[in-house]
Structure formats: C-alpha cells, structure tokens
Amino acid sequence: MSPAAPGAVVHSLWTTAAAEAPVKIPGPVIEYAELAPVLIVLGTALVGVLVEAFLPRRLRHPAQALLAAVGLAAAFAAVVALAAGGYANGKAHPAAMGAVAVDGPALFLQGTILLTGLVAVLTFAERRLDPAAHGRPVDSFAAQAAAVPGGEAEQKAVRAGLTTTEVFPVLLFAVGGMLVFPAANDLLTLFVALEVFSLPLYVLCALARRQRLLSQEAAVKYFLLGAFSSAILLFGVALLYGYAGTVTYSGIADVVAGTPRTVTPALAATMGNDALLLIGGAMVLMGLLFKVGAVPFHMWTPDVYQGAPTPVTGFMAAATKVAAFGALLRLLYVVLPGLRWDWRPVMWGVAIVTMLIGAVVAVTQTDVKRLLAYSSIAHAGFILAGVVATSPAGVSSVLFYLGAYSFVTLGAFAVVTLVRDAGGEATQLSKWAGLGRRSPLVAAVFAVFLLAFAGIPLTSGFAGKFAVFKAAAQGGAAPLVIVGVLASAIAAFFYIRVIVLMFFNEPRPEGPTVAVPSPLTSTAIAVGLVVTVVLGVAPQYFLDLAGHAGVFVR
C-alpha cells in the first residue's frame with residue numbers, strides 16, 4: 001500500500017482537530033453596568049473626536065467644553081450609583097473576567113479623578129485671561145499644535161484665530177486611563193491603563209500657547225523618562241509572570257503566600273526563585289513611584305510642571321497622583337502583602353528622602369510653578385507615610401489625603417493662571433511682591449491654598465497630614481512621622497515666605513496685573529477653596545467615607 005500523500009495527512013489532522021473542538025467557544029463576560037464610568041468617559045472622548053472632525057470650527061470650542069463636562073458629570077453619577085448599590089463593600093468583586101476590580105478604593109479614587117477632571121475642564125475652557133488676538137478670544141493652548149514655534153504656519157493660525165480644541169477629547173482619554181489604573185486587577189491591565197493616560201499627557205504638555213519651545217522641551221523630557229519608566233514596569237511584569245505563571249493580582253498573591261490554586265511543573269520550578277519575585281516587584285514599584293513623583297524618580301516633575309500649560313499642570317499634578325497612588329496601594333496591599341517585610345523598609349527610605357528633598361529643594365525655588373512642583377514631591381512623601389502603615393487606617397488616610405490634595409492643587413494652579421504680565425503668566429516669585437495690595441482677594445485665596453499645603457489647622461491639608469501621620473504611628477512607623485513633621489516645618493517656611501512676599505512687600509511699578517477671569521476659572525477656584533475649608537473645618541464625614549471605602553477586593 002502506497003504511503004498517503006502529504007495533503008491527505010494535513011486534511012486528516014484538520015478534521016480530527018475540528019471533531020475534538022468544543023461546539024461553542026465561550027465568550028467573555030463583561031459587566032457593562034459596573035464598568036459604566038470608564039465606558040462613559042471613553043465614549044464621550046470618541047464623540048469628541050467626531051465633533052472635531054465634522055463640526056464647524058467656530059462651534060467646536062463651546063461644544064467640546066460642554067461635551068467633556070457632561071461626560072465627566074455622567075461618569076461621576078455612575079460612580080455614585082455603583083457606590084449606593086453596594087459595590088463599595090458588600091457587592092465588591094472583580095469585573096471584566098477579573099481584569100478590573102469594582103470595590104471601595106476603586107470607586108472612591110474614580111470619583112475623585114472625575115471631579116478633578118471636571119474642574120480641570122473649566123480651566124481648560126478659559127478664554128478671557130489673555131487679550132483677544134485679531135478680534136478672537138484665545139486660551140492657554142497653541143493655535144496650531146503641529147506648527148513650528150514662531151514659524152509662518154503658526155503666525156497664520158494665530159491671525160486666523162484657530163484654537164486647539166482637541167485638548168478636550170485628549171483630556172477625556174487621559175481620564176479614562178486614570179479610571180482604570182487604580183482599579184486594574186491584573187498586571188497587563190495596569191500597563192495598558194498606564195499607557196492610555198500617559199500618552200495624552202505627553203501631548204497636552206506640549207501645547208502651551210506661549211513659551212512653545214519650553215513647553216515642547218517639557219513634553220519630550222516627560223515622554224522619554226515616561227518611556228523608561230514604562231519599560232521598567234513592563235520588564236517587572238514579565239518577571240512576575242515568570243515567577244507566578246499568571247498576571248492576575250490574586251494569582252500572584254497566592255503564589256507569594258505559597259498557596260497556589262494549581263501547581264504545574266513549570267510553576268513548581270519557578271516558585272522557589274525569589275530573585276524573579278523581588279526584582280520583578282521592585283521594577284513594577286519603580287514604574288509606579290515615577291508616576292507619583294517620589295525621589296529618586298522625581299527629576300521630570302519640576303521641568304514638566306514649569307513648561308506645560310498651567311491648566312494641564314494643575315490637572316496632571318492632581319489627577320495623576322490620585323491614580324498612581326491608587327495603583328500603588330493595590331499592588332502593595334493585594335499583590336505583595338506576603339513581601340511586607342521586604343518592601344516596607346524600602347518604602348520607609350523612599351518616603352523619608354522624598355519628604356526631605358521635596359521640602360529642602362523647594363526653599364531654593366524662584367518660580368511659582370517649580371515651587372509647587374517640589375511641594376508636590378514633598379506631599380508624595382507624606383502620602384507614602386500612610387502607605388507604609390500597612391493597615392486599613394493607612395488606606396483610608398491615603399484616600400482622604402488624595403481627595404483633599406487634588407482640589408487644593410487645582411485651585412492653586414488656577415490662581416497662578418490669573419497673575420500675568422506682557423509675556424503671559426508671571427510665574428517668577430519676585431513679580432508676586434505686593435500682590436496682596438494690588439489684588440487682595442486673589443492673594444488671600446492663594447494664601448489659603450498655601451496654608452493648606454503647609455498643613456495649618458482648619459484647612460484640608462492639616463486633616464490629611466494628621467490622618468496619614470496617625471495611621472503611620474499606629475503602624476509602628478513613629479520615626480517616619482517625626483521626619484514628616486520636620487519636613488512639614490521646613491515646607492511651612494517657603495509657603496509662608498510667599499505669603500509674606502505678597503502682603504508685606506511693596507508692589508513694583510512694573511509688576512504684573514491680575515486678569516479678571518470668566519465664571520469658568522472663578523468656579524474652579526471657588527470649588528478648590530470650598531473643599532479646602534470644608535475638609536479642614538468638618539473632615540469627619542469624609543474621613544468616615546474614606547474609611548468605609550478602604551477595603552480591597554481579591
């Protein structure tokens with residue numbers, strides 16, 4: 001009998017495989033209602049792209065601003081509905097085939113990010129601070145983003161009154177990624193969310209109308225360093241997968257604890273290799289510490305804060321910290337609790353140097369935006385004190401601190417947009433001398449925000465610092481609290497120095513003026529001020545809210 005032709009053999013394999021295959025391939029189970037906040041924001045962003053393509057140019061700015069605000073408000077309503085429906089505690093569970101956690105910390109942080117984005121939309125849409133150009137109002141963003149700074153194409157765009165209204169859908173894409181980041185329940189979802197919100201931020205940083213070259217330099221620095229941090233995080237993901245044979249948080253935690261659900265020969269060979277676990281965990285941690293701006297991964301912060309358009313700086317300083325600390329908490333408390341004795345001393349060291357370097361270097365700054373950048377680095381150290389508490393009180397204190405800090409930051413940067421001279425925003429501290437005599441109301445509001453940053457009683461900053469330091473002390477980190485108090489005292493010096501400069505120095509004849517904003521920026525500043533005072537005077541309700549939302553689901 002002659003051997004069968006090769007084609008017949010292949011055909012036989014195909015038919016055998018088809019006969020053994022299941023009749024129906026199961027589809028993924030997606031809980032759309034529980035993912036509604038993310039879906040609403042990303043859907044609104046896609047609608048914004050279509051608006052940009054089809055709506056006449058003169059109608060795009062109001063349409064995009066309104067669309068973004070409505071989308072963020074609807075997503076926040078969805079978060080409130082989920083929390084009211086019990087998904088913050090009793091009904092908390094992993095959704096989307098285990099890729100996303102729907103629990104208290106995720107909903108609390110998503111609500112904070114959405115409110116932060118909503119306030120940021122108001123500052124993005126402001127068009128009264130600069131004088132009109134060629135009879136048309138202008139905002140903080142480049143007339144034509146693709147034009148060479150100072151080139152003929154840019155001059156034509158300015159004369160034509162063009163505006164980069166694409167910033168609104170780009171902002172929404174960033175918010176969408178930030179919503180997934182603290183809720184990610186496996187390492188691949190974490191990485192995808194990181195890229196989804198990082199890439200829009202790189203673009204937004206390059207779009208300043210004035211000082212275009214400085215803005216583009218800031219964006220390139222942010223992009224290059226962000227690419228390094230993403231690569232480090234992804235390498236860490238690969239090592240953790242090699243160690244545990246899975247990318248899910250619960251699966252890795254089970255292997256770390258020595259109780260994997262199933263043990264394959266390959267997993268048995270890697271479970272004992274602690275080098276994969278320690279190096280992989282450290283690399284993922286480094287990627288997250290870059291996003292929170294902790295030392296020694298902070299070098300991008302002052303340059304990017306200074307060069308980016310100030311509305312973008314405010315949004316980035318507030319929302320990115322909220323999302324990144326949420327992801328950091330989930331990684332340490334859900335994935336690596338079994339390595340607590342390994343990562344806790346490291347986080348102690350990071351928190352101490354972050355608090356001290358942020359506070360000490362801020363004293364030397366002569367630019368308001370760079371001063372606030374180093375202030376944000378110091379605050380990252382204060383929040384890390386709550387992270388190392390490794391207790392439910394630590395989680396709830398960090399959640400409260402993030403909510404309070406985000407609104408203080410937005411309000412402070414919104415005030416910075418108002419102080420202007422012939423070259424645009426006057427960010428040199430020397431130009432702020434006597435501002436309290438030129439515009440007492442604006443200076444007083446900025447002073448309240450500075451006092452909140454300093455942690456003065458009756459402000460949200462005091463309530464937040466007290467909460468994280470108390471949690472850290474109860475968690476056995478009393479020396480860390482002492483360092484935090486010393487760093488707060490150093491930080492109070494440069495905050496009060498700015499207040500003295502505004503109210504007790506003579507104004508310069510050639511000093512800047514304070515622009516009269518539209519109701520948009522006024523509302524953003526008022527919201528920041530009200531939240532700062534309310535959380536300082538009566539913080540207990542919000543502390544309880546953060547306490548109820550402080551339990552992670554596995």
# chains A, B, ... in the order shown; residues from 1 in each chain; ligands from 1
>>> residues_around(residues="Phe315 of chain A", least_positions_apart="6", cutoff="9 Å", atoms="only C-alpha atoms", output="number ranges by chain")
A: 116-117, 119-121, 406, 409-410, 413
>>> select_by_dssp(residues="segment 403-436 of chain A", states="helix (DSSP H, G or I)", output="list in words")
Gly403, Ala404, Tyr405, Ser406, Phe407, Val408, Thr409, Leu410, Gly411, Ala412, Phe413, Ala414, Val415, Val416, Leu429, Ser430, Lys431, Trp432, Leu435 and Gly436 of chain A
>>> residues_around(residues="segment 181-183 of chain A", least_positions_apart="4", cutoff="10 Å", atoms="only C-alpha atoms", output="count of residues only")
37
>>> residues_around(residues="Leu332 of chain A", least_positions_apart="6", cutoff="10 Å", atoms="only C-alpha atoms", output="ChimeraX atom specification")
/A:281,285,338-340,343-344,387-388,390
>>> closest_atom_pairs(of="segment 274-357 of chain A", to="segment 419-433 of chain A", cutoff="10 Å", atoms="only C-alpha atoms", output="Markdown table")
| residue | atom | partner | partner_atom | distance |
| --- | --- | --- | --- | --- |
| A:Gln306 | CA | A:Thr427 | CA | 8.9 |
| A:Pro309 | CA | A:Glu425 | CA | 9.9 |
| A:Thr310 | CA | A:Glu425 | CA | 8.8 |
>>> closest_residue(among="A:Pro479, A:Gly151, A:Gly386, A:Pro296", to="Leu402 of chain A", atoms="only C-alpha atoms")
A:Gly386
>>> residues_around(residues="segment 382-384 of chain A", least_positions_apart="6", cutoff="8 Å", atoms="only C-alpha atoms", output="list of chain:residue names")
A:Met347, A:Ala351, A:Met355, A:Val398, A:Tyr401, A:Leu402, A:Lys465, A:Val468, A:Phe469, A:Gly484
>>> select_by_dssp(residues="segment 354-522 of chain A", states="strand (DSSP E or B)", output="PDB file with N, CA and C atoms, in the first residue's frame")
ATOM      1  N   ASP A 367      10.587  80.211  41.025  1.00  0.00           N
ATOM      2  CA  ASP A 367       9.458  80.168  40.105  1.00  0.00           C
ATOM      3  C   ASP A 367       8.290  79.489  40.825  1.00  0.00           C
ATOM      4  N   VAL A 419      -2.296  85.642  37.341  1.00  0.00           N
ATOM      5  CA  VAL A 419      -1.252  86.661  37.525  1.00  0.00           C
ATOM      6  C   VAL A 419      -0.441  86.730  36.242  1.00  0.00           C
ATOM      7  N   ARG A 420      -0.534  87.863  35.536  1.00  0.00           N
ATOM      8  CA  ARG A 420       0.013  87.933  34.182  1.00  0.00           C
ATOM      9  C   ARG A 420       0.731  89.266  33.947  1.00  0.00           C
ATOM     10  N   ASP A 421       1.663  89.203  33.006  1.00  0.00           N
ATOM     11  CA  ASP A 421       2.306  90.421  32.502  1.00  0.00           C
ATOM     12  C   ASP A 421       2.269  90.373  30.983  1.00  0.00           C
ATOM     13  N   GLY A 424       2.642  86.954  29.293  1.00  0.00           N
ATOM     14  CA  GLY A 424       1.740  85.877  29.682  1.00  0.00           C
ATOM     15  C   GLY A 424       1.748  85.712  31.191  1.00  0.00           C
ATOM     16  N   GLU A 425       1.750  84.470  31.675  1.00  0.00           N
ATOM     17  CA  GLU A 425       1.735  84.228  33.110  1.00  0.00           C
ATOM     18  C   GLU A 425       3.052  84.687  33.744  1.00  0.00           C
ATOM     19  N   GLN A 428       7.524  84.132  37.959  1.00  0.00           N
ATOM     20  CA  GLN A 428       8.680  84.442  38.795  1.00  0.00           C
ATOM     21  C   GLN A 428       8.198  84.975  40.145  1.00  0.00           C
ATOM     22  N   THR A 513      -0.241  92.233  36.492  1.00  0.00           N
ATOM     23  CA  THR A 513      -1.631  92.525  36.822  1.00  0.00           C
ATOM     24  C   THR A 513      -2.364  91.209  37.047  1.00  0.00           C
ATOM     25  N   VAL A 514      -3.510  91.307  37.677  1.00  0.00           N
ATOM     26  CA  VAL A 514      -4.349  90.134  37.895  1.00  0.00           C
ATOM     27  C   VAL A 514      -5.508  90.196  36.912  1.00  0.00           C
TER      28      VAL A 514
END
>>> closest_residue(among="A:Phe228, A:Phe453, A:Tyr333, A:Phe141", to="Arg209 of chain A", atoms="only C-alpha atoms")
A:Phe141
>>> residues_around(residues="Ala447 of chain A", least_positions_apart="3", cutoff="9 Å", atoms="only C-alpha atoms", output="ChimeraX atom specification")
/A:442-444,450-452,495-496,498-499,502
>>> atom_distance(atom1="atom CA of Ala73 of chain A", atom2="atom CA of Gly90 of chain A")
25.3 Å
>>> closest_atom_pairs(of="segment 163-211 of chain A", to="segment 136-140 of chain A", cutoff="9 Å", atoms="only C-alpha atoms", output="CSV")
residue,atom,partner,partner_atom,distance
A:Thr163,CA,A:Val138,CA,7.2
A:Thr164,CA,A:Asp139,CA,9.0
A:Leu207,CA,A:Ser140,CA,8.2
A:Ala208,CA,A:Ser140,CA,6.1
A:Arg209,CA,A:Ser140,CA,5.5
A:Arg210,CA,A:Ser140,CA,7.8
>>> closest_residue(among="A:Phe462, A:Glu126, A:Ala362, A:Ala65", to="Val170 of chain A", atoms="only C-alpha atoms")
A:Ala65
>>> decode(residues="segment 109-139 of chain A", atoms="N, CA and C atoms", output="PDB file, in the first residue's frame")
ATOM      1  N   LEU A 109     -11.492  56.518  44.398  1.00  0.00           N
ATOM      2  CA  LEU A 109     -10.477  57.182  43.583  1.00  0.00           C
ATOM      3  C   LEU A 109     -11.031  57.592  42.228  1.00  0.00           C
ATOM      4  N   GLN A 110     -11.905  56.774  41.641  1.00  0.00           N
ATOM      5  CA  GLN A 110     -12.522  57.150  40.371  1.00  0.00           C
ATOM      6  C   GLN A 110     -13.385  58.398  40.533  1.00  0.00           C
ATOM      7  N   GLY A 111     -14.139  58.473  41.622  1.00  0.00           N
ATOM      8  CA  GLY A 111     -14.929  59.677  41.864  1.00  0.00           C
ATOM      9  C   GLY A 111     -14.054  60.909  42.009  1.00  0.00           C
ATOM     10  N   THR A 112     -12.929  60.766  42.725  1.00  0.00           N
ATOM     11  CA  THR A 112     -12.007  61.901  42.890  1.00  0.00           C
ATOM     12  C   THR A 112     -11.413  62.328  41.552  1.00  0.00           C
ATOM     13  N   ILE A 113     -11.007  61.357  40.739  1.00  0.00           N
ATOM     14  CA  ILE A 113     -10.425  61.680  39.426  1.00  0.00           C
ATOM     15  C   ILE A 113     -11.454  62.379  38.545  1.00  0.00           C
ATOM     16  N   LEU A 114     -12.695  61.920  38.564  1.00  0.00           N
ATOM     17  CA  LEU A 114     -13.732  62.527  37.714  1.00  0.00           C
ATOM     18  C   LEU A 114     -14.034  63.959  38.154  1.00  0.00           C
ATOM     19  N   LEU A 115     -14.124  64.191  39.448  1.00  0.00           N
ATOM     20  CA  LEU A 115     -14.350  65.564  39.914  1.00  0.00           C
ATOM     21  C   LEU A 115     -13.158  66.454  39.584  1.00  0.00           C
ATOM     22  N   THR A 116     -11.955  65.908  39.725  1.00  0.00           N
ATOM     23  CA  THR A 116     -10.756  66.659  39.352  1.00  0.00           C
ATOM     24  C   THR A 116     -10.774  67.003  37.864  1.00  0.00           C
ATOM     25  N   GLY A 117     -11.132  66.022  37.022  1.00  0.00           N
ATOM     26  CA  GLY A 117     -11.226  66.288  35.585  1.00  0.00           C
ATOM     27  C   GLY A 117     -12.282  67.311  35.255  1.00  0.00           C
ATOM     28  N   LEU A 118     -13.405  67.279  35.976  1.00  0.00           N
ATOM     29  CA  LEU A 118     -14.483  68.235  35.719  1.00  0.00           C
ATOM     30  C   LEU A 118     -14.042  69.664  36.028  1.00  0.00           C
ATOM     31  N   VAL A 119     -13.339  69.834  37.148  1.00  0.00           N
ATOM     32  CA  VAL A 119     -12.809  71.161  37.480  1.00  0.00           C
ATOM     33  C   VAL A 119     -11.740  71.574  36.474  1.00  0.00           C
ATOM     34  N   ALA A 120     -10.924  70.607  36.032  1.00  0.00           N
ATOM     35  CA  ALA A 120      -9.884  70.925  35.052  1.00  0.00           C
ATOM     36  C   ALA A 120     -10.476  71.381  33.731  1.00  0.00           C
ATOM     37  N   VAL A 121     -11.621  70.818  33.329  1.00  0.00           N
ATOM     38  CA  VAL A 121     -12.269  71.250  32.088  1.00  0.00           C
ATOM     39  C   VAL A 121     -12.595  72.740  32.150  1.00  0.00           C
ATOM     40  N   LEU A 122     -12.979  73.237  33.326  1.00  0.00           N
ATOM     41  CA  LEU A 122     -13.290  74.660  33.470  1.00  0.00           C
ATOM     42  C   LEU A 122     -12.059  75.516  33.194  1.00  0.00           C
ATOM     43  N   THR A 123     -10.898  75.085  33.692  1.00  0.00           N
ATOM     44  CA  THR A 123      -9.680  75.873  33.448  1.00  0.00           C
ATOM     45  C   THR A 123      -9.204  75.717  32.007  1.00  0.00           C
ATOM     46  N   PHE A 124      -9.413  74.537  31.413  1.00  0.00           N
ATOM     47  CA  PHE A 124      -9.055  74.342  30.006  1.00  0.00           C
ATOM     48  C   PHE A 124      -9.860  75.275  29.102  1.00  0.00           C
ATOM     49  N   ALA A 125     -11.122  75.518  29.460  1.00  0.00           N
ATOM     50  CA  ALA A 125     -12.023  76.262  28.579  1.00  0.00           C
ATOM     51  C   ALA A 125     -11.915  77.779  28.750  1.00  0.00           C
ATOM     52  N   GLU A 126     -11.103  78.249  29.708  1.00  0.00           N
ATOM     53  CA  GLU A 126     -10.994  79.678  29.976  1.00  0.00           C
ATOM     54  C   GLU A 126     -10.415  80.431  28.772  1.00  0.00           C
ATOM     55  N   ARG A 127     -11.081  81.555  28.377  1.00  0.00           N
ATOM     56  CA  ARG A 127     -10.637  82.312  27.200  1.00  0.00           C
ATOM     57  C   ARG A 127     -10.638  83.821  27.436  1.00  0.00           C
ATOM     58  N   ARG A 128     -10.632  84.248  28.696  1.00  0.00           N
ATOM     59  CA  ARG A 128     -10.664  85.680  28.971  1.00  0.00           C
ATOM     60  C   ARG A 128      -9.380  86.217  29.582  1.00  0.00           C
ATOM     61  N   LEU A 129      -8.440  85.366  29.886  1.00  0.00           N
ATOM     62  CA  LEU A 129      -7.261  85.834  30.616  1.00  0.00           C
ATOM     63  C   LEU A 129      -6.291  86.574  29.708  1.00  0.00           C
ATOM     64  N   ASP A 130      -6.105  86.097  28.493  1.00  0.00           N
ATOM     65  CA  ASP A 130      -5.252  86.784  27.520  1.00  0.00           C
ATOM     66  C   ASP A 130      -6.083  87.763  26.714  1.00  0.00           C
ATOM     67  N   PRO A 131      -5.485  88.885  26.283  1.00  0.00           N
ATOM     68  CA  PRO A 131      -6.227  89.784  25.383  1.00  0.00           C
ATOM     69  C   PRO A 131      -6.546  89.087  24.069  1.00  0.00           C
ATOM     70  N   ALA A 132      -7.648  89.462  23.477  1.00  0.00           N
ATOM     71  CA  ALA A 132      -8.075  88.846  22.217  1.00  0.00           C
ATOM     72  C   ALA A 132      -7.020  89.086  21.140  1.00  0.00           C
ATOM     73  N   ALA A 133      -6.813  88.093  20.298  1.00  0.00           N
ATOM     74  CA  ALA A 133      -5.865  88.181  19.192  1.00  0.00           C
ATOM     75  C   ALA A 133      -6.639  88.276  17.884  1.00  0.00           C
ATOM     76  N   HIS A 134      -6.421  89.373  17.167  1.00  0.00           N
ATOM     77  CA  HIS A 134      -7.083  89.579  15.880  1.00  0.00           C
ATOM     78  C   HIS A 134      -8.606  89.463  16.023  1.00  0.00           C
ATOM     79  N   GLY A 135      -9.106  90.010  17.139  1.00  0.00           N
ATOM     80  CA  GLY A 135     -10.545  90.059  17.334  1.00  0.00           C
ATOM     81  C   GLY A 135     -11.167  88.767  17.822  1.00  0.00           C
ATOM     82  N   ARG A 136     -10.345  87.768  18.149  1.00  0.00           N
ATOM     83  CA  ARG A 136     -10.890  86.486  18.599  1.00  0.00           C
ATOM     84  C   ARG A 136     -10.294  86.131  19.962  1.00  0.00           C
ATOM     85  N   PRO A 137     -11.095  85.530  20.861  1.00  0.00           N
ATOM     86  CA  PRO A 137     -10.570  85.148  22.177  1.00  0.00           C
ATOM     87  C   PRO A 137      -9.587  83.991  22.047  1.00  0.00           C
ATOM     88  N   VAL A 138      -8.635  83.942  22.978  1.00  0.00           N
ATOM     89  CA  VAL A 138      -7.621  82.886  22.950  1.00  0.00           C
ATOM     90  C   VAL A 138      -7.589  82.204  24.312  1.00  0.00           C
ATOM     91  N   ASP A 139      -7.103  80.960  24.315  1.00  0.00           N
ATOM     92  CA  ASP A 139      -6.985  80.206  25.558  1.00  0.00           C
ATOM     93  C   ASP A 139      -5.513  79.900  25.830  1.00  0.00           C
TER      94      ASP A 139
END
